[in-house]
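J.: Starting off with a structure, shown below.
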Amino acid sequence: MRKLSFLMVICVVCSMVFASCGKKDDAEVDLATEIVGAWTLTNIIDADGNSYTLEEYCAANGVDSEGLELTYTFAADGTVVGDIAGIGVEGTYEIVSDTTVNMTFETGILSAEYSDGELVSTDAASGISSVLSK
């Protein structure tokens with residue numbers, strides 16, 4: 001009986017160890033730390049939910065994607081620099097929730113949601129989302 005009890009205790013301890021391991025969910029990620037660095041546009045999601053690479057999206061819309069790249073670089077001091085096809089923009093950013101960052105530029109505020117290592121910004125008028133990754 002003691003051996004069976006000991007074996008059960010070992011099983012319970014092992015299951016707790018394995019249950020505590022694994023990927024952090026978005027609520028556990030410190031967005032203020034995670035956001036710092038360079039983010040590049042990797043995908044575009046249209047209003048119907050179809051995902052395209054930048055090259056695919058440009059080709060489908062008759063636009064040459066040569067030299068077309070979009071990046072945002074976030075600094076720890078709250079500044080953000082955007083580069084859209086070689087045109088630079090500067091602004092500031094603010095973490096407004098565990099998963100939301102607002103970027104403020106001369107042209108307005110751009111909001112993005114953080115999830116699974118990506119920043120997603122959706123244009124309310126068109127429903128098109130830009131997906132950025134580090």
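Residues are referred to by chain and number: the chain letter is A, B, ... according to the order shown in the structure tokens, the number counts from 1 in that chain, and ligands are numbered separately from 1 in the order shown.
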Using only C-alpha atoms, which protein or nucleic acid residues come within 12 Å of A:Leu54? Drop anything in the same chain fewer than 3 positions from it, and give the result as a list in words.

T.: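 Surrounding residues, per the criterion: Thr40, Leu41, Thr42, Asn43, Ile44, Ile45, Asp46, Ser51, Tyr57, Cys58, Ala59, Ala60, Asn61, Val63, Asp64, Ser65, Glu66, Gly67, Leu68, Glu69, Leu70, Ser129, Ser130, Val131 and Leu132 of chain A.
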
J.: DSSP on the backbone, then: every residue of stretch 32-132 of chain A marked strand (DSSP E or B), written as a VMD selection string.

T.: chain A and resid 37 to 45 51 to 52 70 to 74 79 to 84 87 to 95 100 to 105 108 to 115 118 to 122 129 to 132

J.: Could the residues in this selection be written to a file with C-alpha atoms, as a PDB file, in the first residue's frame?

T.:
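Okay, this is what ended up in result-v9.pdb:
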```pdb
ATOM      1  CA  GLY A  37      12.643  45.924 -31.874  1.00  0.00           C
ATOM      2  CA  ALA A  38      11.986  45.830 -35.602  1.00  0.00           C
ATOM      3  CA  TRP A  39       8.692  44.467 -36.983  1.00  0.00           C
ATOM      4  CA  THR A  40       8.166  43.689 -40.672  1.00  0.00           C
ATOM      5  CA  LEU A  41       4.978  43.221 -42.658  1.00  0.00           C
ATOM      6  CA  THR A  42       4.638  39.498 -43.351  1.00  0.00           C
ATOM      7  CA  ASN A  43       1.022  39.064 -44.415  1.00  0.00           C
ATOM      8  CA  ILE A  44      -2.053  40.972 -45.506  1.00  0.00           C
ATOM      9  CA  ILE A  45      -5.493  39.638 -44.650  1.00  0.00           C
ATOM     10  CA  SER A  51      -4.215  35.784 -46.168  1.00  0.00           C
ATOM     11  CA  TYR A  52      -1.569  36.870 -48.690  1.00  0.00           C
ATOM     12  CA  LEU A  70       6.971  48.014 -44.455  1.00  0.00           C
ATOM     13  CA  THR A  71       8.708  48.007 -41.086  1.00  0.00           C
ATOM     14  CA  TYR A  72       8.140  49.570 -37.699  1.00  0.00           C
ATOM     15  CA  THR A  73      10.947  49.816 -35.159  1.00  0.00           C
ATOM     16  CA  PHE A  74       9.911  50.359 -31.557  1.00  0.00           C
ATOM     17  CA  THR A  79       9.330  56.195 -29.940  1.00  0.00           C
ATOM     18  CA  VAL A  80       8.534  54.335 -33.152  1.00  0.00           C
ATOM     19  CA  VAL A  81      10.027  54.743 -36.617  1.00  0.00           C
ATOM     20  CA  GLY A  82       8.177  53.458 -39.650  1.00  0.00           C
ATOM     21  CA  ASP A  83       9.658  52.772 -43.044  1.00  0.00           C
ATOM     22  CA  ILE A  84       7.236  52.311 -45.898  1.00  0.00           C
ATOM     23  CA  ILE A  87       9.708  56.694 -46.805  1.00  0.00           C
ATOM     24  CA  GLY A  88      10.304  57.222 -43.108  1.00  0.00           C
ATOM     25  CA  VAL A  89       7.795  58.314 -40.495  1.00  0.00           C
ATOM     26  CA  GLU A  90       8.449  58.996 -36.837  1.00  0.00           C
ATOM     27  CA  GLY A  91       6.102  58.928 -33.913  1.00  0.00           C
ATOM     28  CA  THR A  92       5.439  57.641 -30.444  1.00  0.00           C
ATOM     29  CA  TYR A  93       3.670  54.600 -29.111  1.00  0.00           C
ATOM     30  CA  GLU A  94       1.689  53.765 -26.014  1.00  0.00           C
ATOM     31  CA  ILE A  95       0.761  50.383 -24.560  1.00  0.00           C
ATOM     32  CA  THR A 100      -2.897  46.651 -27.639  1.00  0.00           C
ATOM     33  CA  VAL A 101      -0.409  49.291 -28.732  1.00  0.00           C
ATOM     34  CA  ASN A 102      -1.345  52.674 -30.227  1.00  0.00           C
ATOM     35  CA  MET A 103       1.146  54.397 -32.521  1.00  0.00           C
ATOM     36  CA  THR A 104       0.772  58.146 -32.983  1.00  0.00           C
ATOM     37  CA  PHE A 105       2.086  59.771 -36.154  1.00  0.00           C
ATOM     38  CA  GLY A 108      -3.126  60.001 -36.906  1.00  0.00           C
ATOM     39  CA  ILE A 109      -3.224  57.043 -34.562  1.00  0.00           C
ATOM     40  CA  LEU A 110      -2.642  53.471 -35.690  1.00  0.00           C
ATOM     41  CA  SER A 111      -3.706  50.698 -33.318  1.00  0.00           C
ATOM     42  CA  ALA A 112      -2.333  47.139 -33.347  1.00  0.00           C
ATOM     43  CA  GLU A 113      -3.203  43.991 -31.408  1.00  0.00           C
ATOM     44  CA  TYR A 114      -0.492  41.610 -30.197  1.00  0.00           C
ATOM     45  CA  SER A 115      -1.183  37.874 -30.441  1.00  0.00           C
ATOM     46  CA  GLU A 118       2.485  39.072 -34.204  1.00  0.00           C
ATOM     47  CA  LEU A 119       1.123  42.605 -34.348  1.00  0.00           C
ATOM     48  CA  VAL A 120      -2.089  42.939 -36.337  1.00  0.00           C
ATOM     49  CA  SER A 121      -3.477  46.291 -37.415  1.00  0.00           C
ATOM     50  CA  THR A 122      -6.875  46.399 -39.116  1.00  0.00           C
ATOM     51  CA  SER A 129      -5.365  43.706 -41.771  1.00  0.00           C
ATOM     52  CA  SER A 130      -1.600  44.052 -41.824  1.00  0.00           C
ATOM     53  CA  VAL A 131       0.304  41.346 -39.954  1.00  0.00           C
ATOM     54  CA  LEU A 132       3.761  42.228 -38.642  1.00  0.00           C
TER      55      LEU A 132
END
```
